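Reproduced below: final.cif, with mmCIF, C-alpha atoms.
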data_protein
loop_
_atom_site.label_atom_id
_atom_site.label_comp_id
_atom_site.auth_asym_id
_atom_site.auth_seq_id
_atom_site.Cartn_x
_atom_site.Cartn_y
_atom_site.Cartn_z
CA MET A 1 27.09 56.63 -27.72
CA ARG A 2 25.35 54.17 -25.41
CA PRO A 3 21.94 54.26 -27.22
CA ILE A 4 23.61 53.47 -30.54
CA LYS A 5 25.53 50.48 -29.14
CA LEU A 6 22.40 49.18 -27.40
CA GLY A 7 20.39 49.62 -30.58
CA LEU A 8 23.02 47.77 -32.62
CA SER A 9 23.13 44.95 -30.07
CA LEU A 10 19.37 44.57 -30.05
CA GLY A 11 19.23 44.73 -33.82
CA ALA A 12 21.86 42.02 -34.15
CA ALA A 13 20.00 39.82 -31.68
CA ALA A 14 16.77 40.30 -33.63
CA LEU A 15 18.51 39.32 -36.87
CA LEU A 16 20.00 36.19 -35.32
CA LEU A 17 16.60 35.21 -33.90
CA ALA A 18 14.87 35.82 -37.23
CA ALA A 19 17.51 33.79 -39.06
CA GLY A 20 17.01 30.90 -36.66
CA ALA A 21 20.56 31.10 -35.38
CA VAL A 22 19.30 31.39 -31.82
CA GLY A 23 15.97 30.47 -30.28
CA PRO A 24 13.97 31.90 -27.44
CA ALA A 25 14.73 30.70 -23.93
CA ALA A 26 13.20 27.33 -23.15
CA ALA A 27 9.68 27.78 -21.83
CA ALA A 28 8.14 25.75 -19.06
CA PRO A 29 5.94 22.96 -20.40
CA ASP A 30 2.25 23.76 -20.56
CA ALA A 31 0.05 22.32 -17.83
CA PRO A 32 -2.38 19.68 -19.06
CA ALA A 33 -5.46 21.44 -20.39
CA ASN A 34 -8.94 20.66 -19.15
CA ASN A 35 -10.48 21.64 -22.51
CA GLY A 36 -12.62 24.32 -20.89
CA LYS A 37 -14.21 21.90 -18.44
CA ALA A 38 -14.09 21.64 -14.67
CA MET A 39 -15.11 19.06 -12.09
CA THR A 40 -18.51 19.36 -10.43
CA TRP A 41 -20.17 17.59 -7.53
CA THR A 42 -23.77 17.20 -6.39
CA LEU A 43 -25.86 16.13 -3.42
CA LEU A 44 -25.71 12.33 -3.17
CA ALA A 45 -27.74 11.74 0.00
CA ASP A 46 -29.26 13.25 3.10
CA GLY A 47 -27.87 11.79 6.30
CA PRO A 48 -28.53 11.75 10.02
CA ALA A 49 -28.61 14.82 12.24
CA GLY A 50 -28.65 17.48 9.50
CA THR A 51 -25.85 16.00 7.42
CA VAL A 52 -25.49 15.56 3.67
CA ARG A 53 -23.25 13.47 1.46
CA VAL A 54 -21.78 15.37 -1.49
CA GLY A 55 -19.71 13.89 -4.28
CA GLY A 56 -19.19 13.58 -7.98
CA GLY A 57 -21.60 10.82 -8.80
CA PRO A 58 -21.58 9.18 -12.23
CA LEU A 59 -21.41 12.49 -14.15
CA SER A 60 -18.23 13.79 -12.53
CA ASN A 61 -14.77 13.66 -14.09
CA ALA A 62 -12.05 14.31 -11.51
CA TYR A 63 -9.26 14.11 -14.10
CA THR A 64 -10.26 16.50 -16.89
CA GLY A 65 -13.53 18.04 -15.71
CA ASP A 66 -17.10 17.31 -16.71
CA THR A 67 -18.83 20.66 -17.06
CA ASP A 68 -18.11 23.52 -19.48
CA THR A 69 -16.62 26.46 -17.54
CA THR A 70 -19.06 28.81 -19.29
CA SER A 71 -21.81 27.13 -17.23
CA ILE A 72 -23.27 29.04 -14.30
CA LEU A 73 -23.31 26.93 -11.12
CA PRO A 74 -22.94 27.47 -7.37
CA VAL A 75 -19.59 26.89 -5.68
CA LEU A 76 -19.59 24.12 -3.07
CA CYS A 77 -18.24 25.85 0.03
CA LEU A 78 -16.90 24.30 3.23
CA LYS A 79 -16.10 25.59 6.69
CA VAL A 80 -13.98 23.12 8.66
CA ASP A 81 -14.61 23.48 12.38
CA ASN A 82 -13.48 20.01 13.47
CA SER A 83 -17.01 18.81 14.15
CA PRO A 84 -17.06 15.24 15.44
CA VAL A 85 -18.51 12.46 13.28
CA PRO A 86 -22.24 12.15 14.03
CA ALA A 87 -23.77 8.84 15.09
CA GLY A 88 -24.88 6.89 12.04
CA ILE A 89 -21.93 7.85 9.82
CA THR A 90 -18.90 5.60 9.47
CA PRO A 91 -16.29 7.46 7.41
CA ASP A 92 -14.25 5.55 4.84
CA PHE A 93 -12.00 6.40 1.89
CA TYR A 94 -14.91 6.93 -0.52
CA ALA A 95 -17.25 8.67 1.94
CA GLY A 96 -15.22 10.49 4.57
CA TRP A 97 -16.20 13.10 7.12
CA ALA A 98 -15.41 16.75 6.19
CA ARG A 99 -15.28 17.91 9.84
CA GLY A 100 -17.55 20.86 9.17
CA THR A 101 -20.38 22.40 7.18
CA VAL A 102 -21.05 22.64 3.44
CA ALA A 103 -23.23 25.20 1.66
CA ALA A 104 -23.78 26.36 -1.91
CA SER A 105 -22.93 29.89 -3.03
CA ASN A 106 -24.97 31.84 -5.51
CA PRO A 107 -24.39 30.59 -9.06
CA ILE A 108 -21.33 31.93 -10.88
CA ARG A 109 -19.88 31.32 -14.33
CA GLY A 110 -17.03 28.83 -13.91
CA ASN A 111 -14.53 30.82 -15.97
CA ARG A 112 -14.88 33.69 -13.46
CA LEU A 113 -13.19 31.42 -10.90
CA THR A 114 -9.72 32.33 -12.17
CA SER A 115 -7.78 30.92 -9.19
CA ARG A 116 -8.27 28.97 -6.00
CA ALA A 117 -8.07 32.27 -4.12
CA ALA A 118 -10.88 33.72 -6.26
CA ALA A 119 -13.07 30.65 -5.59
CA ASP A 120 -12.29 30.76 -1.85
CA GLY A 121 -13.22 34.45 -1.94
CA VAL A 122 -16.67 33.62 -3.33
CA CYS A 123 -17.27 31.38 -0.30
CA ALA A 124 -15.85 33.85 2.25
CA ASN A 125 -17.80 36.74 0.75
CA THR A 126 -21.00 34.69 0.78
CA PHE A 127 -20.78 32.93 4.16
CA GLY A 128 -18.05 34.71 6.16
CA ALA A 129 -14.58 34.12 7.52
CA GLY A 130 -13.26 30.56 7.46
CA TRP A 131 -15.33 29.45 4.45
CA ARG A 132 -13.54 28.23 1.34
CA MET A 133 -14.20 26.23 -1.80
CA ALA A 134 -14.69 22.55 -0.98
CA GLU A 135 -12.03 20.17 -2.30
CA PHE A 136 -12.17 16.58 -3.56
CA HIS A 137 -9.96 15.29 -0.71
CA ASP A 138 -11.70 17.06 2.21
CA GLY A 139 -13.26 13.81 3.45
CA ARG A 140 -11.34 12.23 6.35
CA TYR A 141 -11.45 8.72 7.77
CA GLY A 142 -9.47 6.31 9.95
CA PRO A 143 -8.23 6.66 13.52
CA ASN A 144 -8.60 10.29 14.59
CA LEU A 145 -9.65 11.09 10.98
CA GLU A 146 -5.97 11.16 10.06
CA SER A 147 -6.39 9.84 6.50
CA SER A 148 -7.74 11.71 3.50
CA GLY A 149 -10.01 10.05 0.96
CA GLY A 150 -11.85 11.16 -2.12
CA TRP A 151 -14.88 10.92 -4.40
CA SER A 152 -17.45 11.96 -1.76
CA TYR A 153 -17.84 12.95 1.87
CA TRP A 154 -20.34 13.69 4.59
CA ALA A 155 -20.69 17.12 6.21
CA LYS A 156 -23.20 19.13 8.18
CA GLY A 157 -25.35 21.40 6.07
CA ASP A 158 -27.98 21.59 3.40
CA VAL A 159 -27.42 21.97 -0.33
CA PRO A 160 -29.95 22.03 -3.18
CA VAL A 161 -31.13 18.74 -4.66
CA GLY A 162 -30.41 18.15 -8.36
CA THR A 163 -27.77 20.88 -8.66
CA ARG A 164 -24.12 20.52 -9.72
CA PHE A 165 -21.51 22.56 -7.79
CA TRP A 166 -18.03 23.75 -8.77
CA THR A 167 -15.64 21.78 -6.52
CA ALA A 168 -11.83 21.98 -6.41
CA ILE A 169 -9.33 19.16 -6.78
CA ASN A 170 -5.76 19.78 -5.68
CA ASP A 171 -3.92 17.14 -7.73
CA GLN A 172 -5.62 17.19 -11.15
CA PRO A 173 -6.16 19.85 -13.84
CA ALA A 174 -9.95 19.72 -13.48
CA ASN A 175 -10.54 23.11 -11.83
CA PRO A 176 -12.21 26.09 -13.52
CA TRP A 177 -8.88 27.97 -13.45
CA ASN A 178 -6.81 25.22 -15.14
#

Could you take the file, read its structure, and then write that structure out as structure tokens?
Amino acid sequence: MRPIKLGLSLGAAALLLAAGAVGPAAAAPDAPANNGKAMTWTLLADGPAGTVRVGGGPLSNAYTGDTDTTSILPVLCLKVDNSPVPAGITPDFYAGWARGTVAASNPIRGNRLTSRAAADGVCANTFGAGWRMAEFHDGRYGPNLESSGGWSYWAKGDVPVGTRFWTAINDQPANPWN
């Protein structure tokens, strides 16, 4: 008897739904779309003592992305090891100190970076434990580097000239996985 009652109940619910008498449960609102684009950064300058300044530059869009996620680019990776600020660099909001080393992974199609964990995995698999995808706000400044800035930062390392890199941003929908 139970299967018949269940079948009748489900059938009645389907009829009510089809007739518009009831609607589906309210869905969560969609996240803002990035239109298939993601934010990228590039090398902005070479600095003192084996450092580089990376950032978006004029082509970057930190709000909705600037590069089609079907593009194949390296991931900008970072390993924070709390390195002190080298002489010759004065961190500020727009050009902080990342407290570590940056490097570029092998190129990967942006839409293969389906989550932050997947992007972090590219860095860890390429460079080892402690490496992760670099993020827009990784630059630090102020007393004891206690404040976080954005748009660019200095780090130890060496990255290719004239190349764009997939870079994360934690407060905007401009990542390859958004």

Contacts of Asn61 (chain A) within 9 Å, only C-alpha atoms, excl. fewer than 4 positions in-chain, as a list in words: Ala38, Met39, Thr40, Gly56, Gly65, Asp66, Thr67 and Ala174 of chain A

Near Leu145 (chain A), counting all atoms listed in the file, which residues have an atom at most 8 Å away, once you skip same-chain residues fewer than 4 positions from it, shown as a PyMOL selection string? chain A and resi 97+140-141

Nearby residues (all atoms listed in the file) at most 6 Å from region 73-89 of chain A, same-chain spacing under 6 positions excluded, as an NGL selection string: :A and (99-108 or 123 or 130-134 or 165-167)

Considering all atoms listed in the file, can you say which of A:Ser147, A:Arg164, A:Pro48, A:Trp177 comes closest to Thr114 (chain A)? A:Trp177

When the PyMOL selection byres ((chain A and resi 55) around 9) is applied to the structure above, which residues does it catch, written out as a ChimeraX atom specification? /A:40-44,53-54,56-57,60,95,136,150-154

For the residues selected in the previous step, produce a file with C-alpha atoms as a PDB file, in the coordinates of the input.
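And here's out-v7.pdb as it stands now:
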ATOM      1  CA  THR A  40     -18.510  19.360 -10.430  1.00  0.00           C
ATOM      2  CA  TRP A  41     -20.170  17.590  -7.530  1.00  0.00           C
ATOM      3  CA  THR A  42     -23.770  17.200  -6.390  1.00  0.00           C
ATOM      4  CA  LEU A  43     -25.860  16.130  -3.420  1.00  0.00           C
ATOM      5  CA  LEU A  44     -25.710  12.330  -3.170  1.00  0.00           C
ATOM      6  CA  ARG A  53     -23.250  13.470   1.460  1.00  0.00           C
ATOM      7  CA  VAL A  54     -21.780  15.370  -1.490  1.00  0.00           C
ATOM      8  CA  GLY A  56     -19.190  13.580  -7.980  1.00  0.00           C
ATOM      9  CA  GLY A  57     -21.600  10.820  -8.800  1.00  0.00           C
ATOM     10  CA  SER A  60     -18.230  13.790 -12.530  1.00  0.00           C
ATOM     11  CA  ALA A  95     -17.250   8.670   1.940  1.00  0.00           C
ATOM     12  CA  PHE A 136     -12.170  16.580  -3.560  1.00  0.00           C
ATOM     13  CA  GLY A 150     -11.850  11.160  -2.120  1.00  0.00           C
ATOM     14  CA  TRP A 151     -14.880  10.920  -4.400  1.00  0.00           C
ATOM     15  CA  SER A 152     -17.450  11.960  -1.760  1.00  0.00           C
ATOM     16  CA  TYR A 153     -17.840  12.950   1.870  1.00  0.00           C
ATOM     17  CA  TRP A 154     -20.340  13.690   4.590  1.00  0.00           C
TER      18      TRP A 154
END

What is the distance between CA of Gly50 (chain A) and CA of Gly121 (chain A), in Å to one decimal? 25.6 Å

Using the chain letters and numbers from this file, what does the PyMOL selection byres ((chain A and resi 178) around 12) select? Give the answer as a VMD selection string. chain A and resid 30 to 39 63 to 65 69 110 to 116 168 to 177

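Nearest to Arg109 (chain A) of all the residues A:Glu146, A:Gly128, A:Val122, A:Gly47 is A:Val122, counting all atoms listed in the file.
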
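Here CA of Tyr94 (chain A) and CA of Asp68 (chain A) stand 25.4 Å from one another.
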
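The neighbours of Thr51 (chain A) here are the residues that come within 7 Å of it, using only C-alpha atoms and leaving out any residue fewer than 5 positions away in the same chain; they are Asp46, Trp154, Ala155, Lys156 and Gly157 of chain A.
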
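For the atom pair formed by CA of Phe93 (chain A) and CA of Asp138 (chain A), the distance is 10.7 Å, given to one decimal.
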